[in-house]
Amino acid sequence: MKAYKIAAIPGDGIGSEVIAAGVEVLNALALRESSFVFRFDQFDWGGEYYKQHGRMMPEDGRDQIKDHDAILFGSAGHPDIPDHITLWGLRLAICQPFDQYANVRPARLLPGIKSPLSNIDDGELDWVIVRENSEGEYAGVGGRVHQGLPLETATDVSLFTRSGIERIMRFAFKLAQSRPRKLLTVVTKSNAQRHAMVMWDEIAEQIAPEFSDVSWDKMLVDAMAARMVTSPKSIDTVVATNLHADILSDLAAALAGSLGIAPTANLNPEGEFPSMFEPIHGSAFDIMDKGIANPIGTFWSSAMMLEHLGETVAARRLMNAIERVTADQQFHTPDLGGNADTERVTQAVIDAIRGSNN
C-alpha cells in the first residue's frame, strides 16, 4: 500500500478550517480506495508564528517539507501584518525556491452553482488558466531609496527570461493539447510593454509549431478581461504572466460562482521539489471561526493533488462527490447564497465518497 507524505500548512484565517476539512475528506477517500494512505504533517506557520518569532516560517522550514510528496496549503494573510510580509514570508517563500513555476487554476461551473453571467449554463464555462509562477512582475527585483523625502523612489522590475517563458509556454500548449477543444489563448500587454511582453509574444510564436494540433490566439490582457465576460464560450485554456493571470483567475473564479470554490495547483512539473495545492480564496478573516468557510476550493485542490500524485481514479471519485454535493443547494455555503456550514458540506462530501460506486 502506498503512503503519501503530505505537508499540511493551514496558514492564516480560515486556512485552518478548510485544511482540517480537506484532511478529513482525504482520509475518508483513502479508506474508500484502500490502495493508499496519507501521512499528514502539520506545520503551524503564518501570522501567529510571525508574532512570536518575527518570521512567517522557520529558517529551515523548506528543509522540513522538501521531502514530502505534496503540500496542502490554506492561506497567507493577517490583518495585523503587512500583506507583502505574509506573502513573501510564506507562500512565495515556498513557491519560488521549490521552482513551482506552473500555477494552474481551473474555473468551471459546478452543478448547482450559478454564474453572475446570465447567458451561461452548466458546461459552458470550462477554463484552465496557466499562470507563470516564478518570475515576471513577482520576481522580487526592485527597491526603495530616499524614503520619506520628496524624491523617494520605488521600483518593481518585471523580470522575464527566455527559459522561463519557454517552459511555461510548452506547459500551456501541452495542457491545451490534452483538452478536448485544443484551444489556447496567450495573454500579453505587448502594445505598452514593448520589451518583455514582445519577447513573450515572440516565444509563443516560436513554440506554437511544436503543437500543430493546438489552435491558438493572442489577446491583450485588458481585452481578455472583457472577453471573459462577453464571450466566455470562446475560451478554453489561457496562459499569462504572473500578475495578469493572478488577476484574470480571480475574475474567472467570480464568474464561475465564487472564489470559495476555486482551486490552485503550484506545480514543479519535473518533480524535483514537492508541488503545492491550495484554494484561492485567501484568509478571509471576516468569517474566521464562524464555521461558514466554503471548503469546496480545498476539496477541488485536493483532487488536483491526487491527479498530480497519479491517483486518477481517486481524483475522479472526489470530483464526482464534490459535484453531487454542489448540485444540492442545501449544501451551499453563504458565499453561494446558501446557509450551510463548513462541517455540513464536509460531511456531505464524505457521505458521497462512501456511497460512490465509480
# chains A, B, ... in the order shown; residues from 1 in each chain; ligands from 1
>>> select_by_dssp(residues="segment 122-276 of chain A", states="helix (DSSP H, G or I)", output="number ranges by chain")
A: 162-178, 196-211, 221-230, 232-234, 242-255, 259-261
>>> residues_around(residues="segment 169-176 of chain A", least_positions_apart="4", cutoff="7 Å", atoms="only C-alpha atoms", output="ChimeraX atom specification")
/A:130,165,182-184,204,207,211,214,237,239
>>> write_last_selection(atoms="N, CA and C atoms", output="short mmCIF file (atom, residue, chain, number, x, y, z; two decimals), in the first residue's frame")
data_model
loop_
_atom_site.label_atom_id
_atom_site.label_comp_id
_atom_site.auth_asym_id
_atom_site.auth_seq_id
_atom_site.Cartn_x
_atom_site.Cartn_y
_atom_site.Cartn_z
N VAL A 130 -3.36 29.12 -16.93
CA VAL A 130 -1.98 28.77 -16.57
C VAL A 130 -1.24 30.08 -16.27
N ILE A 165 9.95 31.73 -19.99
CA ILE A 165 8.81 31.85 -20.90
C ILE A 165 8.65 30.57 -21.71
N LYS A 182 -8.59 21.72 -27.59
CA LYS A 182 -7.23 22.01 -28.08
C LYS A 182 -7.10 23.49 -28.50
N LEU A 183 -7.46 24.36 -27.57
CA LEU A 183 -7.51 25.78 -27.85
C LEU A 183 -6.76 26.53 -26.75
N LEU A 184 -5.85 27.40 -27.15
CA LEU A 184 -5.05 28.18 -26.19
C LEU A 184 -5.09 29.65 -26.55
N ALA A 204 6.02 32.68 -27.87
CA ALA A 204 4.78 31.93 -28.13
C ALA A 204 4.71 31.50 -29.60
N ILE A 207 7.16 28.61 -30.16
CA ILE A 207 6.79 27.34 -29.55
C ILE A 207 5.60 26.71 -30.26
N PHE A 211 3.25 22.25 -31.52
CA PHE A 211 1.94 21.73 -31.16
C PHE A 211 0.96 22.08 -32.28
N VAL A 214 -2.88 22.26 -31.89
CA VAL A 214 -3.48 23.23 -30.97
C VAL A 214 -3.74 24.53 -31.71
N THR A 237 -8.24 27.20 -22.72
CA THR A 237 -7.00 27.26 -21.94
C THR A 237 -6.35 28.62 -22.16
N VAL A 239 -2.89 31.18 -21.04
CA VAL A 239 -1.58 31.32 -20.39
C VAL A 239 -1.25 32.79 -20.30
#
>>> closest_residue(among="A:Gly74, A:Pro232, A:Gly282, A:Gly291", to="Ser16 of chain A", atoms="only C-alpha atoms")
A:Gly74
>>> residues_around(residues="Arg131 of chain A", least_positions_apart="5", cutoff="8 Å", atoms="only C-alpha atoms", output="PyMOL selection string")
chain A and resi 102-105+239-242+245-246
>>> write_last_selection(atoms="N, CA and C atoms", output="JSON list (two decimals), in the first residue's frame")
[["chain", "number", "residue", "atom", "x", "y", "z"],
["A", 102, "ALA", "N", 4.62, 26.54, -12.59],
["A", 102, "ALA", "CA", 3.35, 26.44, -13.31],
["A", 102, "ALA", "C", 2.21, 26.48, -12.30],
["A", 103, "ASN", "N", 1.51, 27.59, -12.29],
["A", 103, "ASN", "CA", 0.34, 27.74, -11.43],
["A", 103, "ASN", "C", -0.89, 27.47, -12.29],
["A", 104, "VAL", "N", -1.64, 26.44, -11.95],
["A", 104, "VAL", "CA", -2.78, 26.01, -12.76],
["A", 104, "VAL", "C", -4.07, 26.27, -12.00],
["A", 105, "ARG", "N", -4.98, 27.03, -12.62],
["A", 105, "ARG", "CA", -6.22, 27.41, -11.97],
["A", 105, "ARG", "C", -7.42, 27.08, -12.87],
["A", 239, "VAL", "N", -2.89, 31.18, -21.04],
["A", 239, "VAL", "CA", -1.58, 31.32, -20.39],
["A", 239, "VAL", "C", -1.25, 32.79, -20.30],
["A", 240, "ALA", "N", -0.76, 33.20, -19.13],
["A", 240, "ALA", "CA", -0.46, 34.61, -18.92],
["A", 240, "ALA", "C", 0.64, 34.75, -17.88],
["A", 241, "THR", "N", 1.13, 35.97, -17.75],
["A", 241, "THR", "CA", 2.20, 36.25, -16.81],
["A", 241, "THR", "C", 1.69, 36.18, -15.37],
["A", 242, "ASN", "N", 2.63, 36.26, -14.45],
["A", 242, "ASN", "CA", 2.34, 36.12, -13.04],
["A", 242, "ASN", "C", 1.24, 37.09, -12.58],
["A", 245, "ALA", "N", -2.25, 36.75, -14.93],
["A", 245, "ALA", "CA", -3.03, 35.54, -14.63],
["A", 245, "ALA", "C", -3.57, 35.56, -13.21],
["A", 246, "ASP", "N", -2.85, 36.20, -12.30],
["A", 246, "ASP", "CA", -3.35, 36.34, -10.94],
["A", 246, "ASP", "C", -4.69, 37.07, -10.95]]
>>> closest_residue(among="A:Phe299, A:Leu31, A:Ser118, A:Tyr138", to="His84 of chain A", atoms="only C-alpha atoms")
A:Tyr138
